[in-house]
Structure formats: structure tokens, C-alpha cells
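Undergrad: What follows is query_29.txt, compact mmCIF, C-alpha atoms and all ligand atoms.
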```txt
# COMPACT_ATOMS: atom_id res chain seq x y z
CA MET A 1 -10.41 -52.91 -48.40
CA LEU A 2 -11.47 -50.90 -45.33
CA ILE A 3 -14.12 -52.52 -43.12
CA THR A 4 -15.64 -50.78 -40.11
CA ALA A 5 -18.82 -52.83 -39.47
CA LEU A 6 -18.49 -55.93 -37.27
CA ASP A 7 -21.00 -57.99 -39.28
CA GLU A 8 -19.22 -57.18 -42.55
CA MET A 9 -15.92 -58.27 -40.98
CA GLN A 10 -17.48 -61.57 -39.88
CA ARG A 11 -18.96 -62.18 -43.34
CA TRP A 12 -15.61 -61.45 -45.03
CA SER A 13 -13.84 -63.93 -42.71
CA ASP A 14 -16.48 -66.63 -43.23
CA THR A 15 -16.12 -66.28 -46.99
CA ALA A 16 -12.30 -66.37 -46.81
CA ARG A 17 -12.39 -69.46 -44.59
CA SER A 18 -14.86 -71.26 -46.87
CA ALA A 19 -12.45 -70.59 -49.72
CA SER A 20 -9.73 -72.33 -47.59
CA LYS A 21 -7.73 -69.11 -47.24
CA ILE A 22 -5.21 -68.90 -44.39
CA ILE A 23 -5.98 -65.66 -42.54
CA GLY A 24 -3.31 -63.72 -40.64
CA ILE A 25 -4.25 -61.00 -38.16
CA VAL A 26 -2.06 -58.04 -37.16
CA PRO A 27 -3.77 -56.30 -34.23
CA THR A 28 -2.69 -52.65 -33.79
CA MET A 29 -3.84 -49.40 -32.27
CA GLY A 30 -2.87 -47.56 -35.45
CA TYR A 31 -0.38 -44.79 -36.09
CA LEU A 32 1.59 -47.48 -37.89
CA HIS A 33 5.40 -47.52 -37.95
CA ASP A 34 8.05 -49.84 -39.37
CA GLY A 35 7.50 -52.35 -36.55
CA HIS A 36 3.88 -52.79 -37.69
CA ARG A 37 5.04 -52.81 -41.30
CA SER A 38 7.34 -55.75 -40.62
CA LEU A 39 4.48 -57.67 -38.95
CA ILE A 40 2.18 -57.01 -41.93
CA GLU A 41 4.85 -57.89 -44.50
CA THR A 42 5.63 -61.17 -42.74
CA ALA A 43 1.93 -61.99 -42.44
CA ALA A 44 1.50 -61.25 -46.15
CA ARG A 45 4.33 -63.64 -47.00
CA GLU A 46 3.02 -66.42 -44.75
CA CYS A 47 -0.77 -66.17 -45.19
CA ASP A 48 -3.28 -65.93 -48.07
CA ALA A 49 -4.99 -62.88 -46.57
CA VAL A 50 -4.00 -60.37 -43.88
CA VAL A 51 -6.36 -58.41 -41.67
CA THR A 52 -4.72 -55.43 -39.95
CA THR A 53 -6.90 -54.11 -37.15
CA ILE A 54 -6.77 -50.47 -36.09
CA PHE A 55 -8.56 -49.72 -32.85
CA VAL A 56 -7.42 -47.56 -29.93
CA ASN A 57 -8.84 -49.77 -27.23
CA PRO A 58 -10.20 -47.68 -24.34
CA LEU A 59 -10.34 -50.73 -22.05
CA GLN A 60 -6.54 -51.03 -21.84
CA PHE A 61 -5.90 -47.41 -20.79
CA GLY A 62 -6.06 -46.46 -17.11
CA ALA A 63 -7.41 -43.21 -15.70
CA GLY A 64 -4.96 -40.39 -16.44
CA GLU A 65 -3.22 -42.33 -19.23
CA ASP A 66 -2.98 -41.17 -22.85
CA TYR A 67 -6.19 -42.61 -24.40
CA GLU A 68 -7.45 -39.21 -25.56
CA ARG A 69 -4.16 -37.99 -26.98
CA TYR A 70 -2.98 -41.33 -28.41
CA PRO A 71 -1.94 -40.48 -32.01
CA ARG A 72 -4.54 -41.33 -34.65
CA ASN A 73 -4.44 -41.00 -38.46
CA LEU A 74 -6.59 -43.57 -40.26
CA GLU A 75 -5.87 -42.30 -43.77
CA ARG A 76 -2.11 -42.63 -43.25
CA ASP A 77 -2.54 -46.07 -41.61
CA VAL A 78 -4.63 -47.35 -44.50
CA ALA A 79 -1.93 -46.28 -46.98
CA ILE A 80 0.89 -47.91 -44.95
CA ALA A 81 -1.04 -51.13 -44.29
CA ARG A 82 -2.01 -51.49 -47.98
CA ASP A 83 1.53 -50.84 -49.10
CA ALA A 84 2.84 -53.49 -46.68
CA GLY A 85 0.47 -56.07 -48.18
CA THR A 86 -2.62 -56.09 -45.99
CA THR A 87 -5.83 -57.41 -47.54
CA VAL A 88 -8.31 -55.85 -45.12
CA ILE A 89 -8.02 -52.97 -42.67
CA PHE A 90 -10.56 -53.45 -39.90
CA ALA A 91 -11.19 -50.19 -38.03
CA PRO A 92 -14.31 -50.56 -35.89
CA SER A 93 -15.77 -47.74 -33.79
CA ARG A 94 -15.62 -47.70 -30.00
CA GLN A 95 -19.43 -47.92 -29.87
CA ALA A 96 -19.44 -50.99 -32.13
CA MET A 97 -16.82 -52.80 -30.01
CA TYR A 98 -18.24 -51.77 -26.64
CA PRO A 99 -21.92 -50.94 -27.07
CA ASP A 100 -23.93 -49.63 -24.12
CA GLY A 101 -24.37 -52.44 -21.61
CA TYR A 102 -21.07 -54.17 -22.51
CA THR A 103 -19.59 -55.84 -19.39
CA THR A 104 -17.55 -58.96 -20.26
CA THR A 105 -13.81 -58.89 -19.64
CA ILE A 106 -11.04 -61.51 -19.66
CA ASP A 107 -8.47 -61.88 -16.91
CA VAL A 108 -5.61 -64.23 -17.77
CA GLY A 109 -4.24 -64.48 -14.21
CA PRO A 110 -0.73 -64.23 -12.72
CA ILE A 111 1.28 -63.59 -15.92
CA ALA A 112 -0.65 -60.31 -16.30
CA GLN A 113 -0.18 -59.18 -12.74
CA ARG A 114 3.48 -58.24 -12.48
CA PHE A 115 5.56 -55.51 -14.16
CA GLU A 116 3.15 -53.79 -16.62
CA GLY A 117 0.24 -55.26 -14.67
CA THR A 118 1.43 -53.67 -11.42
CA HIS A 119 2.07 -50.27 -12.97
CA ARG A 120 -0.99 -50.28 -15.24
CA PRO A 121 -3.70 -52.13 -13.27
CA GLY A 122 -6.35 -53.53 -15.61
CA HIS A 123 -4.21 -52.94 -18.71
CA PHE A 124 -3.90 -56.60 -19.67
CA ARG A 125 -7.56 -57.24 -18.91
CA GLY A 126 -8.28 -54.67 -21.61
CA VAL A 127 -5.74 -56.18 -24.00
CA ALA A 128 -6.95 -59.77 -23.51
CA THR A 129 -10.57 -58.71 -23.90
CA VAL A 130 -10.12 -56.79 -27.13
CA VAL A 131 -7.82 -59.40 -28.65
CA ALA A 132 -10.32 -62.17 -27.85
CA LYS A 133 -13.06 -60.09 -29.49
CA LEU A 134 -10.88 -59.54 -32.58
CA PHE A 135 -10.08 -63.27 -32.73
CA ASN A 136 -13.79 -64.08 -32.60
CA LEU A 137 -14.69 -61.54 -35.26
CA ILE A 138 -11.85 -62.31 -37.70
CA LYS A 139 -11.26 -66.02 -36.99
CA PRO A 140 -7.58 -65.87 -38.02
CA HIS A 141 -5.31 -68.89 -38.33
CA VAL A 142 -2.15 -66.96 -37.39
CA ALA A 143 -1.73 -63.90 -35.12
CA TYR A 144 1.27 -61.59 -35.41
CA PHE A 145 2.60 -59.58 -32.45
CA GLY A 146 5.83 -57.67 -31.83
CA GLN A 147 8.36 -58.67 -29.16
CA LYS A 148 8.49 -54.99 -28.14
CA ASP A 149 5.45 -55.70 -25.90
CA TYR A 150 7.03 -58.82 -24.45
CA GLN A 151 4.69 -59.37 -21.50
CA GLN A 152 1.73 -58.81 -23.82
CA THR A 153 2.92 -61.72 -25.98
CA LEU A 154 2.90 -63.98 -22.89
CA VAL A 155 -0.61 -62.78 -22.05
CA ILE A 156 -1.78 -63.56 -25.61
CA ALA A 157 -0.12 -66.99 -25.52
CA ARG A 158 -1.98 -67.74 -22.26
CA LEU A 159 -5.26 -66.45 -23.74
CA ILE A 160 -4.90 -68.60 -26.87
CA SER A 161 -4.06 -71.69 -24.84
CA ASP A 162 -6.62 -71.26 -22.05
CA LEU A 163 -9.56 -70.31 -24.30
CA ASN A 164 -8.68 -72.91 -26.97
CA PHE A 165 -8.35 -70.48 -29.84
CA ASP A 166 -7.16 -72.48 -32.85
CA ILE A 167 -4.56 -69.84 -33.66
CA THR A 168 -0.78 -69.93 -34.09
CA LEU A 169 1.01 -67.07 -32.34
CA ARG A 170 3.95 -65.51 -34.20
CA VAL A 171 6.13 -63.10 -32.23
CA LEU A 172 8.49 -61.05 -34.40
CA PRO A 173 11.62 -59.16 -33.27
CA THR A 174 11.44 -55.53 -32.17
CA VAL A 175 12.19 -53.08 -34.98
CA ARG A 176 14.55 -50.29 -33.88
CA GLU A 177 15.66 -46.87 -35.06
CA SER A 178 19.34 -46.70 -36.12
CA ASP A 179 20.34 -45.56 -32.59
CA GLY A 180 18.55 -48.48 -30.93
CA LEU A 181 15.30 -46.84 -29.82
CA ALA A 182 12.47 -49.35 -30.18
CA MET A 183 9.82 -48.16 -32.64
CA SER A 184 6.61 -47.14 -30.91
CA SER A 185 3.63 -44.98 -31.82
CA ARG A 186 4.33 -43.10 -28.57
CA ASN A 187 7.76 -41.92 -29.77
CA VAL A 188 5.97 -38.96 -31.43
CA TYR A 189 5.37 -37.51 -27.95
CA LEU A 190 9.15 -37.02 -27.42
CA SER A 191 10.72 -33.58 -27.82
CA PRO A 192 14.09 -33.55 -29.68
CA THR A 193 16.09 -33.65 -26.41
CA GLU A 194 13.84 -36.35 -24.96
CA ARG A 195 14.22 -38.31 -28.19
CA ALA A 196 18.00 -38.28 -27.67
CA ASP A 197 17.57 -39.29 -23.99
CA ALA A 198 15.22 -42.13 -24.95
CA THR A 199 18.12 -44.21 -26.30
CA VAL A 200 18.94 -44.87 -22.64
CA LEU A 201 16.53 -47.83 -22.62
CA TYR A 202 18.47 -49.59 -25.36
CA ARG A 203 21.80 -48.66 -23.77
CA ALA A 204 20.67 -50.08 -20.43
CA LEU A 205 19.65 -53.37 -22.05
CA GLN A 206 23.00 -53.57 -23.83
CA ALA A 207 24.88 -52.95 -20.56
CA ALA A 208 23.01 -55.81 -18.87
CA LEU A 209 23.51 -58.15 -21.84
CA GLU A 210 27.25 -57.40 -21.77
CA ALA A 211 27.40 -58.08 -18.03
CA ILE A 212 25.65 -61.42 -18.54
CA ALA A 213 28.03 -62.29 -21.38
CA ARG A 214 30.96 -61.50 -19.03
CA GLY A 215 29.59 -63.98 -16.48
CA GLU A 216 27.11 -62.05 -14.29
CA ARG A 217 24.46 -64.43 -12.86
CA GLU A 218 23.01 -62.52 -9.90
CA ARG A 219 19.65 -60.99 -10.77
CA LEU A 220 20.08 -57.90 -8.60
CA HIS A 221 23.46 -57.19 -10.19
CA VAL A 222 22.03 -57.54 -13.70
CA GLU A 223 19.23 -55.14 -12.74
CA ALA A 224 21.74 -52.74 -11.16
CA HIS A 225 23.60 -52.47 -14.48
CA MET A 226 20.40 -51.30 -16.18
CA ARG A 227 19.48 -49.00 -13.31
CA SER A 228 22.82 -47.18 -13.28
CA VAL A 229 22.70 -46.48 -17.03
CA ILE A 230 19.15 -45.11 -16.76
CA GLU A 231 19.93 -43.04 -13.67
CA SER A 232 22.68 -41.26 -15.62
CA VAL A 233 19.95 -39.49 -17.65
CA PRO A 234 18.19 -36.80 -15.57
CA THR A 235 14.92 -36.85 -17.58
CA ALA A 236 14.56 -40.63 -17.13
CA GLN A 237 12.39 -42.01 -14.33
CA ILE A 238 12.22 -45.75 -13.77
CA ASP A 239 8.83 -47.49 -13.46
CA TYR A 240 10.52 -50.87 -13.28
CA VAL A 241 13.74 -52.60 -14.29
CA ALA A 242 13.68 -56.37 -14.16
CA ALA A 243 15.46 -59.53 -15.15
CA ALA A 244 13.20 -62.58 -15.15
CA ARG A 245 12.75 -66.07 -16.53
CA ALA A 246 11.48 -65.56 -20.07
CA GLU A 247 8.55 -67.97 -19.96
CA THR A 248 7.15 -67.49 -16.45
CA LEU A 249 8.52 -64.04 -15.47
CA ASP A 250 9.69 -65.61 -12.19
CA GLN A 251 12.64 -63.83 -10.62
CA PRO A 252 15.19 -66.18 -8.99
CA ASP A 253 18.12 -64.61 -7.11
CA VAL A 254 20.62 -66.35 -9.39
CA PHE A 255 20.15 -67.44 -12.98
CA VAL A 256 21.59 -70.77 -14.09
CA PRO A 257 23.45 -71.54 -17.33
CA GLY A 258 21.13 -72.46 -20.20
CA GLU A 259 18.22 -70.51 -18.72
CA LYS A 260 16.34 -68.20 -21.13
CA ILE A 261 15.79 -64.84 -19.53
CA VAL A 262 14.16 -61.54 -20.41
CA LEU A 263 15.31 -58.06 -19.40
CA LEU A 264 12.34 -55.73 -19.04
CA LEU A 265 12.24 -51.95 -18.71
CA ALA A 266 9.56 -49.31 -18.31
CA VAL A 267 10.96 -45.80 -18.12
CA ARG A 268 9.40 -42.36 -18.32
CA ILE A 269 11.28 -39.83 -20.40
CA GLY A 270 9.64 -36.58 -19.33
CA SER A 271 5.93 -37.42 -19.52
CA THR A 272 6.33 -40.22 -22.10
CA ARG A 273 6.31 -43.77 -20.81
CA LEU A 274 8.42 -46.17 -22.90
CA ILE A 275 8.97 -49.92 -22.58
CA ASP A 276 11.64 -52.17 -24.06
CA ASN A 277 13.11 -55.62 -23.48
CA ALA A 278 15.79 -58.07 -24.56
CA LEU A 279 15.92 -61.85 -24.53
CA THR A 280 19.05 -63.84 -23.84
CA THR A 281 20.22 -67.24 -22.67
CA ILE A 282 22.55 -67.48 -19.70
CA PRO A 283 25.79 -68.83 -21.18
CA TYR A 284 27.57 -71.87 -19.84
CA ASP A 285 30.68 -70.88 -17.94
CA SER A 286 33.62 -71.56 -20.28
CA SER A 287 35.75 -72.75 -17.31
CA SER A 288 33.21 -75.47 -16.44
CA THR A 289 32.96 -76.95 -19.99
O1 LIG A 301 -0.07 -53.85 -28.93
C1 LIG A 301 -1.07 -53.14 -29.20
O2 LIG A 301 -1.02 -52.26 -30.05
C2 LIG A 301 -2.35 -53.37 -28.44
O3 LIG A 301 -2.11 -53.71 -27.12
C3 LIG A 301 -3.28 -54.41 -29.12
C4 LIG A 301 -2.65 -55.79 -29.11
C5 LIG A 301 -3.57 -53.99 -30.55
C6 LIG A 301 -4.60 -54.52 -28.36
O4 LIG A 301 -5.28 -53.30 -28.35
```
How does the structure come out when it is put into C-alpha cells?

TA:
Amino acid sequence: MLITALDEMQRWSDTARSASKIIGIVPTMGYLHDGHRSLIETAARECDAVVTTIFVNPLQFGAGEDYERYPRNLERDVAIARDAGTTVIFAPSRQAMYPDGYTTTIDVGPIAQRFEGTHRPGHFRGVATVVAKLFNLIKPHVAYFGQKDYQQTLVIARLISDLNFDITLRVLPTVRESDGLAMSSRNVYLSPTERADATVLYRALQAALEAIARGERERLHVEAHMRSVIESVPTAQIDYVAAARAETLDQPDVFVPGEKIVLLLAVRIGSTRLIDNALTTIPYDSSST
């Protein structure tokens, strides 16, 4: 079922909740790929009803970013979402979500200010605002997000906790192409040579993970491994390369054994900005055990 009107969406959710249905939400900006498909399929397995939202949210794009050219194809999205097991596709208009006079935004604080927040000021304000609106409209029990947007998942966790949304957050692993490139709607922007170059993000993450497995603990050294792989590709320009504590995004000089860390990358390949990440736990030194 395709719903575009906000009041119809609210009525559908109220009816589903009164029938004791567990509602899962998969928020997306459309142009669905296998990463979205895996979120929808998991939601369909775990919930009684799945609402996939398709809305290119203008509030999370900065001036000069790709809001206008962001790929859109509702007909294709509806077919993919249905096939993956969605119950409702909610695709509201921009005017319905942000009518004239709309002013309220949500700022989740420090977790949104570094990395993506530094390079895309206001981005997470836009994300938190639209996700809170979708939560209020759909009243889901479970929300599904991909690990590909790692910092976004921390922002959503903060939003759910701070605003007391009675929602369980499920973060599912990044789905990758066979050569390691993380699936993203923005991959369609890449020319064939850029597409080949874009594997550098995955290769950089692998190089850092291998260094950590070999015993590297110094943050700057871990970051240098990623940097040198990326710098070997002339079309690649680094926005940021970071190793940080996975839960707080703090960046100590040295990581300690047992610590869960995240490697984060934002790299431009030509004019296409791509992000990726990897999670790992700093191993205990075999000589000390
Ligand atoms: O991850 C996305 O596609 C978007 O940031 C989201 C969560 C749908 C909000 O617009």
C-alpha cells in the first residue's frame, strides 16, 4: 500500500497498534538498493507490519550539496520495497512534511558535531528532525538503520533515548558490492573509472583493520594506514579519516585492549562524496595473556 498523506499514515498506524501489531519502520531517502532490501527483509521477519519511508529530506542537505540531483524513482522503489516484504510505503511530499511556517528542529548535541557534523553543518539536525517526525507519524515499535551511516545511528540512538521514544533501534551490517564498495544510492553518480577507484574506501578500512590485528594501538598510526591507501588514488580526496571510540566518538592517542573502536572515512571520488566505516575491538596482546 502506498500512502502519501500524513493523516492517512497516522490512521493506519493507530489501527495497526490497536490490533496489537508490532510495527517496524525503515526510513530511507529512496532509490533503494540491496542495503535497504536487507533492512526491509529483516524488519518483515521480525515485525507484523513494515513501513518503509521514502522522502528526500531537504533539511539534511547543505547549500551546494546534491538535494536537487539526488536520484529519485518512486515506481522502482515501490516495487523493490513490496518485493522485500514491506506493508506500507510512506512517501510524503516536501510541502506536507515542511509546510509554510515550519520552524522546529532537533539538535542532539555533541555526538552530531564531529566528523560528518563538521563537514556537513546542520546535516544531523535535519536527520534528527525528520526521523522524529516519522517516529511521531508512524509510531513504530522497532526502527531499522544501516551501519553504513554509523554516526547517524549514534545520533538516532541519542534521539530515541533523550526524547523517550518507546522504540527499539536495530542497526544492521553494511551491505557491500562483491569488491567491497558499500552500497549507497549515491554510487550511481560514479563514472566507470571512479567506480573502480571507489573501492579505495574499503581497502583503506581493511589496511587499518590488519594493522590493528598486527598490534597497532596508536590512533595516528591507524589513521595513517587509511590515509596512505586513499592517497594512492589520484581521484580520491579525503574529507576525514578517523579512528575513534565506537560509542562516544572520542579520540584517545592510544587505544587499549578490549576497547570497541570505529574507523570512519569520508572521501570524495571526483565530485561524489562517499562514506564508509568498520567496527573492531582492540585485541588483547597475545604476549600479555
Ligand atoms: O539514511 C538516510 O537515508 C536518511 O538520513 C534518513 C535516515 C532516511 C533520514 O532522512

Undergrad: Using all atoms listed in the file, find the one residue out of A:Thr248, A:Thr42, A:Gln60, A:Gln10 that sits nearest to ligand LIG 301 (chain A).

TA: A:Gln60

Undergrad: Can you tell me which residues surround His221 in chain A at a distance of at most 10 Å, considering all atoms listed in the file, apart from same-chain residues fewer than 2 positions away, and format the answer as a list of chain:residue names?

TA: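 Residues meeting the cut-off are A:Ala208, A:Ala211, A:Ile212, A:Glu216, A:Arg217, A:Glu218, A:Arg219, A:Glu223, A:Ala224, A:His225, A:Met226, A:Arg227, A:Ala243, A:Asp253, A:Val254.
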
Undergrad: Identify which of the residues A:Ala84, A:Val51, A:Val171, A:Ala207 lies closest to Leu154 in chain A, counting all atoms listed in the file when measuring atom-to-atom distances.

TA: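 Under the stated criterion, the closest residue is A:Val171.
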
Undergrad: Give one line per residue of chain A that approaches ligand LIG 301 (chain A) to at most 9 Å, naming the two atoms of the closest pair and their distance in Å to one decimal, counting only C-alpha atoms and all ligand atoms; sort by chain then ascending residue number and deliver it as JSON lines.

TA:
```
{"residue": "A:Val26", "atom": "CA", "partner": "A:LIG301", "partner_atom": "C5", "distance": 7.9}
{"residue": "A:Pro27", "atom": "CA", "partner": "A:LIG301", "partner_atom": "C5", "distance": 4.3}
{"residue": "A:Thr28", "atom": "CA", "partner": "A:LIG301", "partner_atom": "C5", "distance": 3.6}
{"residue": "A:Met29", "atom": "CA", "partner": "A:LIG301", "partner_atom": "O2", "distance": 4.6}
{"residue": "A:Gly30", "atom": "CA", "partner": "A:LIG301", "partner_atom": "O2", "distance": 7.4}
{"residue": "A:Thr53", "atom": "CA", "partner": "A:LIG301", "partner_atom": "C5", "distance": 7.4}
{"residue": "A:Ile54", "atom": "CA", "partner": "A:LIG301", "partner_atom": "C5", "distance": 7.3}
{"residue": "A:Phe55", "atom": "CA", "partner": "A:LIG301", "partner_atom": "O4", "distance": 6.6}
{"residue": "A:Val56", "atom": "CA", "partner": "A:LIG301", "partner_atom": "O4", "distance": 6.3}
{"residue": "A:Asn57", "atom": "CA", "partner": "A:LIG301", "partner_atom": "O4", "distance": 5.1}
{"residue": "A:Pro58", "atom": "CA", "partner": "A:LIG301", "partner_atom": "O4", "distance": 8.5}
{"residue": "A:Leu59", "atom": "CA", "partner": "A:LIG301", "partner_atom": "O4", "distance": 8.5}
{"residue": "A:Gln60", "atom": "CA", "partner": "A:LIG301", "partner_atom": "O4", "distance": 7.0}
{"residue": "A:His123", "atom": "CA", "partner": "A:LIG301", "partner_atom": "O3", "distance": 8.7}
{"residue": "A:Phe124", "atom": "CA", "partner": "A:LIG301", "partner_atom": "O3", "distance": 8.2}
{"residue": "A:Gly126", "atom": "CA", "partner": "A:LIG301", "partner_atom": "O4", "distance": 7.5}
{"residue": "A:Val127", "atom": "CA", "partner": "A:LIG301", "partner_atom": "C6", "distance": 4.8}
{"residue": "A:Ala128", "atom": "CA", "partner": "A:LIG301", "partner_atom": "C6", "distance": 7.5}
{"residue": "A:Thr129", "atom": "CA", "partner": "A:LIG301", "partner_atom": "C6", "distance": 8.5}
{"residue": "A:Val130", "atom": "CA", "partner": "A:LIG301", "partner_atom": "O4", "distance": 6.1}
{"residue": "A:Val131", "atom": "CA", "partner": "A:LIG301", "partner_atom": "C6", "distance": 5.9}
{"residue": "A:Phe145", "atom": "CA", "partner": "A:LIG301", "partner_atom": "O1", "distance": 7.2}
{"residue": "A:Gly146", "atom": "CA", "partner": "A:LIG301", "partner_atom": "O1", "distance": 7.6}
{"residue": "A:Lys148", "atom": "CA", "partner": "A:LIG301", "partner_atom": "O1", "distance": 8.7}
{"residue": "A:Asp149", "atom": "CA", "partner": "A:LIG301", "partner_atom": "O1", "distance": 6.6}
{"residue": "A:Gln152", "atom": "CA", "partner": "A:LIG301", "partner_atom": "O3", "distance": 7.2}
{"residue": "A:Thr153", "atom": "CA", "partner": "A:LIG301", "partner_atom": "C4", "distance": 8.7}
{"residue": "A:Ile156", "atom": "CA", "partner": "A:LIG301", "partner_atom": "C4", "distance": 8.6}
{"residue": "A:Ser185", "atom": "CA", "partner": "A:LIG301", "partner_atom": "O2", "distance": 8.8}
```

Undergrad: Now that the selection is made, can you save its residues with C-alpha atoms as a PDB file, in the coordinates of the input?

TA:
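So result-v2.pdb came out as:
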```
ATOM      1  CA  VAL A  26      -2.060 -58.040 -37.160  1.00  0.00           C
ATOM      2  CA  PRO A  27      -3.770 -56.300 -34.230  1.00  0.00           C
ATOM      3  CA  THR A  28      -2.690 -52.650 -33.790  1.00  0.00           C
ATOM      4  CA  MET A  29      -3.840 -49.400 -32.270  1.00  0.00           C
ATOM      5  CA  GLY A  30      -2.870 -47.560 -35.450  1.00  0.00           C
ATOM      6  CA  THR A  53      -6.900 -54.110 -37.150  1.00  0.00           C
ATOM      7  CA  ILE A  54      -6.770 -50.470 -36.090  1.00  0.00           C
ATOM      8  CA  PHE A  55      -8.560 -49.720 -32.850  1.00  0.00           C
ATOM      9  CA  VAL A  56      -7.420 -47.560 -29.930  1.00  0.00           C
ATOM     10  CA  ASN A  57      -8.840 -49.770 -27.230  1.00  0.00           C
ATOM     11  CA  PRO A  58     -10.200 -47.680 -24.340  1.00  0.00           C
ATOM     12  CA  LEU A  59     -10.340 -50.730 -22.050  1.00  0.00           C
ATOM     13  CA  GLN A  60      -6.540 -51.030 -21.840  1.00  0.00           C
ATOM     14  CA  HIS A 123      -4.210 -52.940 -18.710  1.00  0.00           C
ATOM     15  CA  PHE A 124      -3.900 -56.600 -19.670  1.00  0.00           C
ATOM     16  CA  GLY A 126      -8.280 -54.670 -21.610  1.00  0.00           C
ATOM     17  CA  VAL A 127      -5.740 -56.180 -24.000  1.00  0.00           C
ATOM     18  CA  ALA A 128      -6.950 -59.770 -23.510  1.00  0.00           C
ATOM     19  CA  THR A 129     -10.570 -58.710 -23.900  1.00  0.00           C
ATOM     20  CA  VAL A 130     -10.120 -56.790 -27.130  1.00  0.00           C
ATOM     21  CA  VAL A 131      -7.820 -59.400 -28.650  1.00  0.00           C
ATOM     22  CA  PHE A 145       2.600 -59.580 -32.450  1.00  0.00           C
ATOM     23  CA  GLY A 146       5.830 -57.670 -31.830  1.00  0.00           C
ATOM     24  CA  LYS A 148       8.490 -54.990 -28.140  1.00  0.00           C
ATOM     25  CA  ASP A 149       5.450 -55.700 -25.900  1.00  0.00           C
ATOM     26  CA  GLN A 152       1.730 -58.810 -23.820  1.00  0.00           C
ATOM     27  CA  THR A 153       2.920 -61.720 -25.980  1.00  0.00           C
ATOM     28  CA  ILE A 156      -1.780 -63.560 -25.610  1.00  0.00           C
ATOM     29  CA  SER A 185       3.630 -44.980 -31.820  1.00  0.00           C
TER      30      SER A 185
END
```

Undergrad: Would you work out the distance separating CA of Leu279 in chain A from CA of Val262 in chain A, expressed in Å to one decimal?

TA: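 These atoms are spaced 4.5 Å apart.
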
Undergrad: In the coordinates of the file, take the point (17.3, -60.0, -25.8) and a cut-off of 9 Å; then, counting only C-alpha atoms, name each qualifying protein, DNA or RNA residue as a PyMOL selection string.

TA: chain A and resi 205-206+209+261-263+277-281

Undergrad: Which one of A:Val241, A:Ala16, A:Ala196, A:Ala246 sits closest to Ile269 in chain A if you count only C-alpha atoms?

TA: A:Ala196

Undergrad: Which residues come within 9 Å of Val256 in chain A, counting only C-alpha atoms, excluding same-chain residues fewer than 3 positions away, as a list in words?

TA: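 Counting only the stated atoms, we get Arg217, Glu259, Ile282, Pro283 and Tyr284 of chain A.
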
Undergrad: Restricted to C-alpha atoms, what would the selected residues look like written as a PDB file, keeping the file's coordinate frame?

TA:
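As written to disk, again-v1.pdb reads:
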```
ATOM      1  CA  ARG A 217      24.460 -64.430 -12.860  1.00  0.00           C
ATOM      2  CA  GLU A 259      18.220 -70.510 -18.720  1.00  0.00           C
ATOM      3  CA  ILE A 282      22.550 -67.480 -19.700  1.00  0.00           C
ATOM      4  CA  PRO A 283      25.790 -68.830 -21.180  1.00  0.00           C
ATOM      5  CA  TYR A 284      27.570 -71.870 -19.840  1.00  0.00           C
TER       6      TYR A 284
END
```

Undergrad: Could you check the closest approach to Gly64 in chain A for each of A:Pro234, A:Arg120, A:Gln147, A:Arg195 and tell me which residue wins, using only C-alpha atoms?

TA: A:Arg120

Undergrad: Could you tell me how far CA of Asp197 in chain A sits from CA of Asp239 in chain A, in Å to one decimal place?

TA: 16.0 Å

Undergrad: Report the distance between CA of Thr105 in chain A and CA of Leu137 in chain A in Å, rounded to one decimal place.

TA: 15.9 Å

Undergrad: Extract, using only C-alpha atoms, all DNA, RNA and protein residues at most 12 Å from Asn136 in chain A, discarding same-chain residues fewer than 6 positions from it, and format them as number ranges by chain.

TA: A: 6-7, 9-10, 13-14, 25, 97, 129-130, 160, 163-167

Undergrad: Taking only C-alpha atoms into account, name the residue in A:Leu274, A:Ile89, A:Ile80, A:Ile22 that is nearest to Ser184 in chain A.

TA: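 Of A:Leu274, A:Ile89, A:Ile80, A:Ile22, the one nearest Ser184 in chain A, counting only C-alpha atoms, is A:Leu274.
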
Undergrad: Let me make sure I understand: among A:Arg245, A:Arg158, A:Arg268, A:Arg82, which one has the smallest atom-to-atom distance to Ala44 in chain A if we use all atoms listed in the file?

TA: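 Closest candidate: A:Arg82.
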
Undergrad: List as a compact mmCIF listing (two decimals) with C-alpha atoms, in the frame of the given file: which residues have an atom within 10 Å of (17.4, -46.1, -24.6), counting all atoms listed in the file?

TA:
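Heads up, here's the output in result_0.txt:
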```txt
# COMPACT_ATOMS: atom_id res chain seq x y z
CA ASP A 179 20.34 -45.56 -32.59
CA GLY A 180 18.55 -48.48 -30.93
CA LEU A 181 15.30 -46.84 -29.82
CA ALA A 182 12.47 -49.35 -30.18
CA ARG A 195 14.22 -38.31 -28.19
CA ALA A 196 18.00 -38.28 -27.67
CA ASP A 197 17.57 -39.29 -23.99
CA ALA A 198 15.22 -42.13 -24.95
CA THR A 199 18.12 -44.21 -26.30
CA VAL A 200 18.94 -44.87 -22.64
CA LEU A 201 16.53 -47.83 -22.62
CA TYR A 202 18.47 -49.59 -25.36
CA ARG A 203 21.80 -48.66 -23.77
CA ALA A 204 20.67 -50.08 -20.43
CA LEU A 205 19.65 -53.37 -22.05
CA GLN A 206 23.00 -53.57 -23.83
CA VAL A 229 22.70 -46.48 -17.03
CA ILE A 230 19.15 -45.11 -16.76
CA VAL A 233 19.95 -39.49 -17.65
CA ALA A 236 14.56 -40.63 -17.13
CA LEU A 265 12.24 -51.95 -18.71
CA VAL A 267 10.96 -45.80 -18.12
CA ILE A 269 11.28 -39.83 -20.40
CA LEU A 274 8.42 -46.17 -22.90
CA ILE A 275 8.97 -49.92 -22.58
CA ASP A 276 11.64 -52.17 -24.06
```

Undergrad: For N, CA and C atoms, please extract range 24-31 of chain A from the block and return it as a tab-separated table (two decimals), in the first residue's frame.

TA:
```tsv
chain	number	residue	atom	x	y	z
A	24	GLY	N	7.41	-2.13	12.35
A	24	GLY	CA	8.82	-1.79	12.09
A	24	GLY	C	8.88	-0.66	11.08
A	25	ILE	N	9.83	0.25	11.27
A	25	ILE	CA	10.00	1.35	10.31
A	25	ILE	C	11.38	1.23	9.67
A	26	VAL	N	11.44	1.44	8.35
A	26	VAL	CA	12.72	1.52	7.64
A	26	VAL	C	12.75	2.89	6.95
A	27	PRO	N	13.39	3.87	7.60
A	27	PRO	CA	13.43	5.21	6.98
A	27	PRO	C	14.47	5.25	5.86
A	28	THR	N	14.09	5.76	4.69
A	28	THR	CA	15.03	5.86	3.56
A	28	THR	C	14.77	7.16	2.80
A	29	MET	N	15.73	7.47	1.94
A	29	MET	CA	15.52	8.59	1.01
A	29	MET	C	15.26	8.03	-0.40
A	30	GLY	N	14.92	6.75	-0.47
A	30	GLY	CA	14.56	6.16	-1.76
A	30	GLY	C	15.76	5.77	-2.58
A	31	TYR	N	15.49	5.48	-3.85
A	31	TYR	CA	16.47	4.90	-4.77
A	31	TYR	C	17.08	3.67	-4.10
```
